[in-house]
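Student: Dropping in coords_36.txt, which is compact mmCIF, C-alpha atoms:
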# COMPACT_ATOMS: atom_id res chain seq x y z
CA MET A 1 -121.21 -170.28 -52.65
CA SER A 2 -121.11 -166.92 -54.27
CA THR A 3 -120.75 -163.59 -52.32
CA ILE A 4 -122.86 -160.54 -53.04
CA PRO A 5 -120.66 -157.42 -53.57
CA THR A 6 -121.53 -154.54 -51.27
CA GLU A 7 -121.93 -151.09 -52.88
CA THR A 8 -120.01 -148.14 -51.39
CA VAL A 9 -122.36 -145.26 -50.69
CA GLN A 10 -120.82 -141.86 -51.63
CA PRO A 11 -121.98 -138.92 -49.45
CA GLY A 12 -123.95 -136.27 -51.34
CA LYS A 13 -122.16 -133.00 -52.13
CA ALA A 14 -123.70 -130.09 -50.18
CA SER A 15 -124.56 -126.79 -51.87
CA LEU A 16 -122.07 -123.92 -51.48
CA LEU A 17 -124.84 -121.81 -49.94
CA TYR A 18 -124.86 -124.15 -46.94
CA ASP A 19 -121.07 -123.92 -46.44
CA PRO A 20 -120.57 -121.68 -43.36
CA LYS A 21 -117.25 -120.41 -44.69
CA ILE A 22 -118.61 -119.44 -48.11
CA ARG A 23 -121.74 -118.01 -46.56
CA GLY A 24 -119.62 -115.84 -44.23
CA TYR A 25 -117.70 -114.42 -47.20
CA VAL A 26 -120.96 -113.61 -48.99
CA TYR A 27 -122.38 -111.76 -45.97
CA GLN A 28 -119.19 -109.73 -45.52
CA LEU A 29 -119.08 -108.78 -49.20
CA ALA A 30 -122.73 -107.74 -49.03
CA LEU A 31 -122.03 -105.59 -45.97
CA LEU A 32 -119.06 -103.94 -47.66
CA ALA A 33 -121.20 -103.22 -50.70
CA VAL A 34 -123.90 -101.58 -48.56
CA VAL A 35 -121.38 -99.46 -46.66
CA GLY A 36 -119.65 -98.46 -49.89
CA PHE A 37 -122.97 -97.48 -51.47
CA LEU A 38 -123.91 -95.35 -48.45
CA LEU A 39 -120.53 -93.58 -48.47
CA TYR A 40 -120.74 -93.00 -52.22
CA SER A 41 -124.29 -91.62 -51.90
CA ALA A 42 -123.28 -89.31 -49.06
CA ALA A 43 -120.23 -88.03 -50.95
CA SER A 44 -122.20 -87.51 -54.16
CA ASN A 45 -124.95 -85.69 -52.29
CA ALA A 46 -122.41 -83.44 -50.56
CA ILE A 47 -120.63 -82.59 -53.81
CA THR A 48 -123.93 -81.83 -55.55
CA ASN A 49 -125.09 -79.54 -52.73
CA LEU A 50 -121.73 -77.74 -52.58
CA ARG A 51 -121.82 -77.11 -56.34
CA ALA A 52 -125.42 -75.91 -56.11
CA GLN A 53 -124.46 -73.40 -53.41
CA LYS A 54 -121.29 -72.48 -55.36
CA ILE A 55 -119.02 -73.38 -52.44
CA ALA A 56 -115.48 -74.34 -53.40
CA SER A 57 -114.12 -77.66 -52.17
CA GLY A 58 -110.58 -78.59 -51.19
CA PHE A 59 -108.12 -77.06 -48.77
CA GLY A 60 -107.25 -73.92 -50.69
CA PHE A 61 -108.85 -71.80 -47.95
CA TRP A 62 -106.01 -72.81 -45.59
CA HIS A 63 -103.77 -69.97 -46.81
CA ASN A 64 -106.47 -67.31 -47.18
CA ALA A 65 -106.48 -64.28 -44.85
CA ALA A 66 -108.51 -64.89 -41.69
CA GLY A 67 -109.63 -61.31 -41.07
CA PHE A 68 -110.51 -61.83 -37.41
CA ASP A 69 -108.60 -61.74 -34.15
CA VAL A 70 -108.44 -64.09 -31.13
CA ASN A 71 -107.98 -62.75 -27.60
CA GLN A 72 -106.01 -65.69 -26.20
CA LYS A 73 -103.21 -66.93 -28.45
CA LEU A 74 -99.99 -68.82 -27.73
CA ILE A 75 -98.47 -68.01 -31.14
CA PRO A 76 -98.44 -64.72 -33.08
CA PHE A 77 -101.82 -64.09 -34.68
CA SER A 78 -103.53 -60.94 -35.92
CA ALA A 79 -106.58 -60.00 -37.96
CA SER A 80 -104.50 -58.23 -40.59
CA GLY A 81 -101.85 -60.76 -41.59
CA SER A 82 -102.83 -64.23 -40.35
CA THR A 83 -104.45 -67.07 -42.29
CA TYR A 84 -107.12 -69.66 -41.55
CA GLY A 85 -104.34 -72.22 -41.14
CA GLN A 86 -102.79 -70.13 -38.36
CA ALA A 87 -106.24 -69.79 -36.78
CA PHE A 88 -106.39 -73.59 -36.68
CA TYR A 89 -103.08 -73.78 -34.79
CA VAL A 90 -104.22 -71.08 -32.34
CA GLY A 91 -107.39 -73.03 -31.52
CA LEU A 92 -105.53 -76.35 -31.32
CA LEU A 93 -102.92 -74.97 -28.89
CA ASN A 94 -105.64 -73.44 -26.70
CA THR A 95 -107.41 -76.82 -26.57
CA LEU A 96 -104.20 -78.67 -25.71
CA LEU A 97 -103.36 -76.07 -23.05
CA VAL A 98 -106.63 -76.32 -21.14
CA ALA A 99 -106.80 -80.12 -21.58
CA SER A 100 -103.25 -80.78 -20.33
CA ILE A 101 -103.57 -78.49 -17.29
CA GLY A 102 -107.04 -79.88 -16.57
CA ILE A 103 -105.76 -83.47 -16.64
CA VAL A 104 -103.00 -82.70 -14.15
CA LEU A 105 -105.21 -80.73 -11.73
CA SER A 106 -108.16 -83.15 -11.91
CA THR A 107 -105.82 -86.07 -11.22
CA PHE A 108 -104.45 -84.50 -8.03
CA LEU A 109 -107.90 -83.35 -6.86
CA GLY A 110 -109.55 -86.66 -7.77
CA PHE A 111 -106.95 -88.72 -5.90
CA PHE A 112 -107.27 -86.49 -2.84
CA VAL A 113 -111.08 -86.68 -2.79
CA GLY A 114 -111.07 -90.43 -3.52
CA VAL A 115 -108.74 -91.14 -0.60
CA ALA A 116 -110.66 -88.69 1.60
CA ARG A 117 -113.89 -90.64 1.03
CA LEU A 118 -112.28 -93.62 2.76
CA SER A 119 -110.79 -91.57 5.59
CA SER A 120 -111.59 -92.45 9.19
CA ASN A 121 -112.23 -88.74 9.75
CA TRP A 122 -116.04 -88.58 9.61
CA VAL A 123 -116.24 -84.90 8.59
CA LEU A 124 -113.63 -85.23 5.83
CA SER A 125 -115.26 -88.39 4.49
CA LYS A 126 -118.73 -86.80 4.35
CA LEU A 127 -117.43 -83.62 2.72
CA ALA A 128 -115.75 -85.73 0.05
CA MET A 129 -118.99 -87.67 -0.47
CA ILE A 130 -121.01 -84.45 -0.84
CA TYR A 131 -118.50 -83.09 -3.35
CA VAL A 132 -118.67 -86.23 -5.48
CA GLU A 133 -122.45 -86.51 -5.41
CA VAL A 134 -123.03 -82.81 -6.19
CA ILE A 135 -120.43 -82.46 -8.93
CA ARG A 136 -121.20 -85.73 -10.69
CA ASN A 137 -124.95 -85.10 -10.86
CA LEU A 138 -124.83 -81.60 -12.33
CA PRO A 139 -124.36 -81.09 -16.09
CA LEU A 140 -120.94 -79.82 -17.04
CA LEU A 141 -122.40 -77.06 -19.20
CA LEU A 142 -124.36 -75.75 -16.18
CA GLN A 143 -121.18 -75.77 -14.10
CA LEU A 144 -119.34 -73.78 -16.77
CA PHE A 145 -122.09 -71.15 -16.71
CA PHE A 146 -121.85 -71.08 -12.92
CA TRP A 147 -118.11 -70.46 -12.86
CA TYR A 148 -118.24 -67.91 -15.68
CA ASN A 149 -121.44 -65.95 -15.00
CA ALA A 150 -121.90 -66.37 -11.23
CA VAL A 151 -118.30 -66.39 -9.97
CA LEU A 152 -115.99 -64.56 -12.40
CA LYS A 153 -118.26 -62.03 -14.13
CA PRO A 154 -119.43 -60.31 -10.88
CA LEU A 155 -115.83 -59.45 -9.99
CA PRO A 156 -115.06 -55.69 -9.85
CA ASN A 157 -113.95 -53.73 -12.91
CA PRO A 158 -110.23 -53.10 -13.55
CA ARG A 159 -110.13 -49.83 -11.57
CA GLN A 160 -111.38 -51.66 -8.45
CA SER A 161 -109.20 -54.76 -8.99
CA ILE A 162 -108.63 -57.08 -6.06
CA GLU A 163 -104.97 -56.99 -5.05
CA LEU A 164 -103.42 -60.44 -4.53
CA PRO A 165 -100.00 -61.41 -3.14
CA ALA A 166 -96.91 -60.98 -5.34
CA GLY A 167 -98.42 -58.04 -7.24
CA ALA A 168 -101.21 -60.00 -8.95
CA LEU A 169 -104.58 -58.34 -9.66
CA LEU A 170 -108.01 -59.92 -10.13
CA ASN A 171 -111.02 -58.32 -11.84
CA ASN A 172 -113.83 -59.16 -14.26
CA ARG A 173 -111.36 -59.16 -17.17
CA GLY A 174 -109.26 -61.93 -15.67
CA LEU A 175 -106.24 -62.54 -13.52
CA TYR A 176 -103.18 -60.36 -14.12
CA LEU A 177 -99.81 -61.80 -13.05
CA PRO A 178 -96.36 -60.16 -13.05
CA ASP A 179 -94.58 -60.71 -16.36
CA PRO A 180 -91.03 -62.07 -15.86
CA GLN A 181 -88.34 -60.48 -18.06
CA LEU A 182 -85.05 -62.33 -18.56
CA GLY A 183 -81.87 -60.26 -18.69
CA PRO A 184 -78.37 -61.39 -19.78
CA GLY A 185 -77.75 -64.85 -18.36
CA GLY A 186 -81.42 -65.38 -17.56
CA SER A 187 -81.72 -68.26 -20.02
CA LEU A 188 -79.20 -70.16 -17.88
CA ILE A 189 -81.77 -70.25 -15.07
CA VAL A 190 -84.39 -71.71 -17.40
CA TRP A 191 -82.00 -74.38 -18.64
CA THR A 192 -81.02 -75.25 -15.07
CA PHE A 193 -84.69 -75.62 -14.17
CA LEU A 194 -85.36 -77.94 -17.14
CA ILE A 195 -82.22 -79.99 -16.44
CA GLY A 196 -83.35 -80.26 -12.81
CA ILE A 197 -86.69 -81.74 -13.91
CA VAL A 198 -85.00 -84.30 -16.17
CA ALA A 199 -82.46 -85.20 -13.46
CA THR A 200 -85.28 -85.64 -10.94
CA ILE A 201 -87.11 -88.05 -13.24
CA ILE A 202 -83.94 -90.08 -13.79
CA PHE A 203 -83.12 -90.14 -10.07
CA ARG A 204 -86.68 -91.17 -9.17
CA ALA A 205 -86.54 -94.11 -11.60
CA TRP A 206 -83.14 -95.16 -10.22
CA ALA A 207 -84.33 -94.85 -6.61
CA ARG A 208 -87.39 -96.97 -7.37
CA LYS A 209 -85.29 -99.76 -8.86
CA GLN A 210 -82.95 -99.63 -5.87
CA GLN A 211 -85.91 -99.85 -3.50
CA GLU A 212 -87.32 -102.87 -5.35
CA ALA A 213 -83.92 -104.59 -5.32
CA THR A 214 -82.69 -103.76 -1.81
CA GLY A 215 -85.65 -102.24 0.06
CA LYS A 216 -83.66 -99.07 0.76
CA GLN A 217 -85.53 -95.80 0.33
CA TYR A 218 -83.94 -92.59 -0.91
CA PRO A 219 -85.14 -89.02 -0.17
CA VAL A 220 -86.63 -88.41 -3.62
CA GLY A 221 -88.68 -85.43 -2.46
CA TRP A 222 -85.73 -83.56 -0.97
CA ILE A 223 -83.54 -84.35 -3.99
CA ALA A 224 -86.26 -83.06 -6.32
CA LEU A 225 -86.62 -79.88 -4.24
CA GLY A 226 -82.88 -79.28 -4.47
CA LEU A 227 -82.65 -79.91 -8.23
CA ILE A 228 -85.79 -78.02 -9.30
CA VAL A 229 -85.91 -75.13 -6.81
CA VAL A 230 -82.65 -74.65 -4.92
CA LEU A 231 -80.25 -75.15 -7.84
CA PRO A 232 -82.01 -72.64 -10.21
CA PHE A 233 -82.18 -70.15 -7.32
CA PHE A 234 -78.45 -70.59 -6.74
CA VAL A 235 -77.82 -69.92 -10.46
CA TYR A 236 -80.10 -66.87 -10.17
CA LEU A 237 -77.90 -65.45 -7.39
CA VAL A 238 -74.61 -66.31 -9.10
CA THR A 239 -75.62 -64.70 -12.42
CA GLY A 240 -76.51 -61.42 -10.70
CA ARG A 241 -80.30 -61.78 -10.44
CA PRO A 242 -81.02 -61.32 -14.18
CA VAL A 243 -84.81 -61.66 -13.80
CA SER A 244 -87.09 -58.65 -13.40
CA PHE A 245 -90.88 -58.40 -13.36
CA VAL A 246 -93.30 -56.07 -15.14
CA TYR A 247 -96.20 -55.63 -12.74
CA PRO A 248 -99.75 -54.87 -13.97
CA GLU A 249 -100.89 -51.33 -13.26
CA ILE A 250 -104.03 -49.30 -13.86
CA ALA A 251 -103.98 -47.26 -17.09
CA GLY A 252 -107.25 -45.42 -17.75
CA PHE A 253 -110.13 -47.86 -17.62
CA ASN A 254 -107.93 -50.91 -18.12
CA LEU A 255 -104.71 -52.47 -16.86
CA ARG A 256 -101.31 -52.25 -18.48
CA GLY A 257 -98.45 -54.75 -18.24
CA GLY A 258 -98.35 -58.21 -16.71
CA ILE A 259 -99.70 -61.49 -18.04
CA GLN A 260 -103.46 -61.62 -18.50
CA ILE A 261 -105.27 -64.90 -17.87
CA PHE A 262 -108.73 -64.51 -19.38
CA PRO A 263 -111.83 -65.38 -17.30
CA GLU A 264 -113.06 -67.73 -20.06
CA PHE A 265 -109.94 -69.85 -19.63
CA VAL A 266 -110.25 -69.84 -15.82
CA ALA A 267 -113.96 -70.76 -15.94
CA LEU A 268 -113.36 -73.61 -18.39
CA LEU A 269 -110.40 -74.92 -16.41
CA LEU A 270 -112.31 -74.82 -13.12
CA GLY A 271 -115.34 -76.53 -14.64
CA LEU A 272 -113.38 -79.31 -16.34
CA THR A 273 -111.15 -79.89 -13.31
CA THR A 274 -113.87 -80.10 -10.66
CA TYR A 275 -116.22 -82.12 -12.89
CA THR A 276 -113.64 -84.70 -13.97
CA ALA A 277 -112.17 -84.92 -10.46
CA GLY A 278 -115.55 -86.11 -9.17
CA PHE A 279 -115.41 -89.14 -11.48
CA ILE A 280 -111.71 -89.78 -10.85
CA ALA A 281 -112.42 -89.77 -7.10
CA GLU A 282 -114.88 -92.64 -7.52
CA VAL A 283 -112.38 -94.52 -9.70
CA VAL A 284 -109.70 -94.11 -7.02
CA ARG A 285 -112.09 -95.21 -4.27
CA ALA A 286 -113.04 -98.31 -6.23
CA GLY A 287 -109.39 -99.12 -6.88
CA ILE A 288 -108.47 -98.85 -3.21
CA LEU A 289 -111.43 -101.01 -2.16
CA ALA A 290 -110.34 -103.62 -4.71
CA VAL A 291 -107.11 -104.19 -2.76
CA SER A 292 -107.44 -106.95 -0.21
CA LYS A 293 -107.75 -105.75 3.38
CA GLY A 294 -105.12 -108.29 4.30
CA GLN A 295 -102.51 -106.18 2.47
CA THR A 296 -103.17 -103.26 4.82
CA GLU A 297 -103.14 -105.54 7.85
CA ALA A 298 -99.83 -107.08 6.74
CA ALA A 299 -98.29 -103.63 6.27
CA ASN A 300 -99.50 -102.58 9.72
CA ALA A 301 -98.05 -105.74 11.18
CA LEU A 302 -94.68 -104.73 9.73
CA GLY A 303 -94.92 -101.40 11.56
CA LEU A 304 -95.85 -99.16 8.64
CA ARG A 305 -98.02 -96.19 9.48
CA ALA A 306 -101.16 -95.23 7.57
CA GLY A 307 -99.40 -92.85 5.14
CA PRO A 308 -96.61 -95.18 4.00
CA THR A 309 -99.07 -98.09 3.89
CA LEU A 310 -101.30 -96.15 1.49
CA LYS A 311 -98.39 -94.88 -0.60
CA LEU A 312 -96.22 -98.00 -0.77
CA VAL A 313 -98.71 -100.88 -0.48
CA VAL A 314 -102.29 -99.94 -1.32
CA ILE A 315 -102.02 -97.36 -4.14
CA PRO A 316 -99.47 -99.33 -6.25
CA GLN A 317 -101.81 -102.35 -6.23
CA ALA A 318 -104.89 -100.23 -6.79
CA MET A 319 -103.37 -98.60 -9.89
CA ARG A 320 -104.04 -101.75 -11.91
CA VAL A 321 -107.75 -101.13 -11.35
CA ILE A 322 -107.55 -97.33 -11.55
CA ILE A 323 -105.63 -96.78 -14.81
CA PRO A 324 -108.13 -98.10 -17.44
CA PRO A 325 -111.09 -95.96 -16.27
CA LEU A 326 -108.68 -93.11 -15.57
CA THR A 327 -107.77 -93.14 -19.27
CA SER A 328 -111.44 -92.80 -20.18
CA ASN A 329 -111.77 -89.78 -17.89
CA TYR A 330 -108.76 -88.12 -19.53
CA LEU A 331 -110.34 -88.64 -22.95
CA ASN A 332 -113.67 -87.26 -21.71
CA LEU A 333 -111.98 -84.17 -20.30
CA THR A 334 -110.30 -83.44 -23.62
CA LYS A 335 -113.53 -83.89 -25.57
CA ASN A 336 -115.57 -81.93 -23.01
CA SER A 337 -113.27 -78.95 -23.58
CA SER A 338 -115.27 -78.37 -26.79
CA LEU A 339 -118.04 -76.95 -24.53
CA ALA A 340 -115.79 -73.90 -24.29
CA VAL A 341 -117.77 -72.43 -27.17
CA ALA A 342 -120.62 -71.78 -24.70
CA ILE A 343 -118.55 -69.29 -22.68
CA GLY A 344 -116.46 -67.88 -25.50
CA TYR A 345 -113.11 -69.56 -24.85
CA PRO A 346 -111.26 -69.73 -28.20
CA ASP A 347 -110.60 -73.44 -28.40
CA LEU A 348 -110.40 -75.48 -31.60
CA VAL A 349 -114.18 -75.81 -31.97
CA GLN A 350 -114.90 -72.16 -31.30
CA VAL A 351 -112.17 -70.79 -33.61
CA PHE A 352 -111.94 -73.36 -36.39
CA THR A 353 -115.29 -75.19 -36.50
CA GLY A 354 -117.08 -71.98 -35.57
CA THR A 355 -115.56 -68.83 -37.04
CA VAL A 356 -113.52 -70.37 -39.88
CA LEU A 357 -116.39 -72.62 -40.99
CA ASN A 358 -118.87 -69.73 -41.00
CA GLN A 359 -116.55 -67.54 -43.05
CA THR A 360 -115.45 -70.16 -45.61
CA GLY A 361 -118.56 -72.34 -45.73
CA GLN A 362 -116.40 -75.43 -46.26
CA ALA A 363 -118.11 -77.58 -43.64
CA VAL A 364 -116.86 -80.95 -44.92
CA GLU A 365 -113.17 -80.06 -44.80
CA VAL A 366 -113.36 -78.15 -41.49
CA VAL A 367 -115.40 -80.79 -39.67
CA ALA A 368 -113.22 -83.60 -41.06
CA ILE A 369 -110.06 -81.86 -39.82
CA THR A 370 -111.59 -81.24 -36.39
CA MET A 371 -112.70 -84.87 -36.08
CA ALA A 372 -109.23 -86.05 -37.11
CA VAL A 373 -107.63 -83.82 -34.47
CA TYR A 374 -109.78 -85.13 -31.61
CA LEU A 375 -109.29 -88.70 -32.82
CA THR A 376 -105.52 -88.21 -32.89
CA ILE A 377 -105.46 -86.68 -29.40
CA SER A 378 -107.51 -89.58 -28.04
CA LEU A 379 -105.30 -92.21 -29.70
CA VAL A 380 -102.09 -90.58 -28.44
CA THR A 381 -103.48 -90.31 -24.90
CA SER A 382 -104.60 -93.94 -24.95
CA PHE A 383 -101.22 -95.04 -26.33
CA PHE A 384 -99.24 -93.51 -23.48
CA MET A 385 -101.75 -94.62 -20.83
CA ASN A 386 -101.58 -98.19 -22.17
CA ILE A 387 -97.78 -98.09 -21.85
CA TYR A 388 -98.16 -96.88 -18.27
CA ASN A 389 -100.79 -99.53 -17.58
CA LYS A 390 -98.44 -102.22 -18.91
CA ARG A 391 -95.71 -101.04 -16.57
CA MET A 392 -98.04 -101.15 -13.58
CA ALA A 393 -99.57 -104.53 -14.50
CA LEU A 394 -98.99 -107.50 -12.23
CA VAL A 395 -96.05 -109.58 -13.47
CA GLU A 396 -96.99 -113.27 -13.39
CA ARG A 397 -94.59 -116.17 -13.76
Now that the file is in, can you turn its structure into structure tokens?

Tutor:
Amino acid sequence: MSTIPTETVQPGKASLLYDPKIRGYVYQLALLAVVGFLLYSAASNAITNLRAQKIASGFGFWHNAAGFDVNQKLIPFSASGSTYGQAFYVGLLNTLLVASIGIVLSTFLGFFVGVARLSSNWVLSKLAMIYVEVIRNLPLLLQLFFWYNAVLKPLPNPRQSIELPAGALLNNRGLYLPDPQLGPGGSLIVWTFLIGIVATIIFRAWARKQQEATGKQYPVGWIALGLIVVLPFFVYLVTGRPVSFVYPEIAGFNLRGGIQIFPEFVALLLGLTTYTAGFIAEVVRAGILAVSKGQTEAANALGLRAGPTLKLVVIPQAMRVIIPPLTSNYLNLTKNSSLAVAIGYPDLVQVFTGTVLNQTGQAVEVVAITMAVYLTISLVTSFFMNIYNKRMALVER
């Protein structure tokens, strides 16, 4: 009996177009080609238009004379001898100044209002709620106009300045503070103050580790007061009081002497601080509510009062929820500082993207530099906040 051989059936070879892997590569190459074509078209169009308008390209304008002055400047700058590059640094420093101070103040105010919204004090809680609802629902630009035109501009002229404690004067040209002058040995006080800050940070970190290991608490606040305030004051007395003050005084129709804080800076700082604090307050409230109520009850059962319970139990756990949106609010505050152009504060946008761009006409280079600066500031802020978030994250085993 003979057997019939069975034929082995070979599976058909599929087309490469139906291979998901190959098809994915094709789609990605097509997308890259489209993006590259759009970028090439945009660059070609920009170059053609610049040549047609006879506008030079490149960064040669960086060292050209600026020919204009800036009222608020943290580095030497004048209309006669400064360049566009120096104007860029003046605007950048002004932006960093208002953003850094605004972040610190809005954080303190936002935490206070956020905690106050959950207070058992009915009046305090409702006042905090009204603050949040009013501030959050009004445009920031409108608030800047309010602080600048309705609050600071109606102040009296310099001859009728409002006298404040410690020799400070307030008028429609700004706040004038006594200008400290360091005599021989005065730098020693400054160094003692800086060393006191560094020593306080080191001691606080050491005290925190000791508390986590043994439960023992150290008087960090009193130690910080001694290192930052008492010790520099002691050096001030020992070195023969080498610090004097130049007080502002009326000279004609203006004031002479002292440190002038311009109303544009004050209006921008007030607007950014109060506006951002309204959002931070809601972030803090959400973070506190995310902590289980049992944690508070357990702390109360151990005999902790409301203040230590909030500081040692609730807030540390709530920070894991608070930090990510808090980072976004810091970034928004920095970017919102560009609205300073509306009230004349000489920030990066007003000085560089405004005056320098109008004088040089090199929009591509100026806008590209400005975008790179804001991108860098945002990345650096996010980097440090991510490090802080990692430190505060819950350690799981």

Student: Skipping near chain neighbours, those fewer than 3 positions away, what residues fall within 9 Å of Arg204 of chain A using only C-alpha atoms, listed as a ChimeraX atom specification?

Tutor: /A:199-201,207-209,218,220,224

Student: What is the distance, in Å and to one decimal place, between atom CA of Gly24 of chain A and atom CA of Leu39 of chain A?

Tutor: 22.7 Å

Student: For Leu155 of chain A, work out the shell of residues within 10 Å, counting only C-alpha atoms and skipping chain neighbours fewer than 3 positions away, then give it as a compact mmCIF listing (two decimals) with C-alpha atoms, in the frame of the given file.

Tutor:
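around-v1.txt, written as the output of this step:
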# COMPACT_ATOMS: atom_id res chain seq x y z
CA ASN A 149 -121.44 -65.95 -15.00
CA ALA A 150 -121.90 -66.37 -11.23
CA VAL A 151 -118.30 -66.39 -9.97
CA LEU A 152 -115.99 -64.56 -12.40
CA PRO A 158 -110.23 -53.10 -13.55
CA GLN A 160 -111.38 -51.66 -8.45
CA SER A 161 -109.20 -54.76 -8.99
CA ILE A 162 -108.63 -57.08 -6.06
CA LEU A 170 -108.01 -59.92 -10.13
CA ASN A 171 -111.02 -58.32 -11.84
CA ASN A 172 -113.83 -59.16 -14.26
CA ARG A 173 -111.36 -59.16 -17.17
CA GLY A 174 -109.26 -61.93 -15.67

Student: By how many Å are atom CA of Thr273 of chain A and atom CA of Gly102 of chain A apart?

Tutor: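 Atom-to-atom, atom CA of Thr273 of chain A to atom CA of Gly102 of chain A, that is 5.2 Å.
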
Student: Record the distance separating atom CA of Trp122 of chain A and atom CA of Ile288 of chain A, expressed in Å with one decimal.

Tutor: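 According to the coordinates, atom CA of Trp122 of chain A and atom CA of Ile288 of chain A are separated by 18.1 Å.
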
Student: Quick one: of A:Phe352, A:Trp147, A:Phe108, A:Tyr84, who's nearest to Val284 of chain A, counting all atoms listed in the file?

Tutor: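 Answer, going by the shortest atom-to-atom distance: A:Phe108.
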
Student: For a quick check of your reading of the model, name the residues lying within 7 Å of the coordinate (-115.8, -74.3, -14.8), counting only C-alpha atoms, and write them as a ChimeraX atom specification.

Tutor: /A:143-144,147-148,267-272

Student: Counting all atoms listed in the file, note down every residue that has an atom within 12 Å of the point (-108.4, -86.1, -4.2) (file coordinates), as an MDAnalysis selection string.

Tutor: chainID A and resid 104:119 124:125 127:129 131:132 273:274 276:285

Student: Identify which of the residues A:Glu249, A:Ser78, A:Gly91, A:Asn389 lies closest to Glu163 of chain A, counting all atoms listed in the file when measuring atom-to-atom distances.

Tutor: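 Comparing A:Glu249, A:Ser78, A:Gly91, A:Asn389 against Glu163 of chain A, the winner is A:Glu249.
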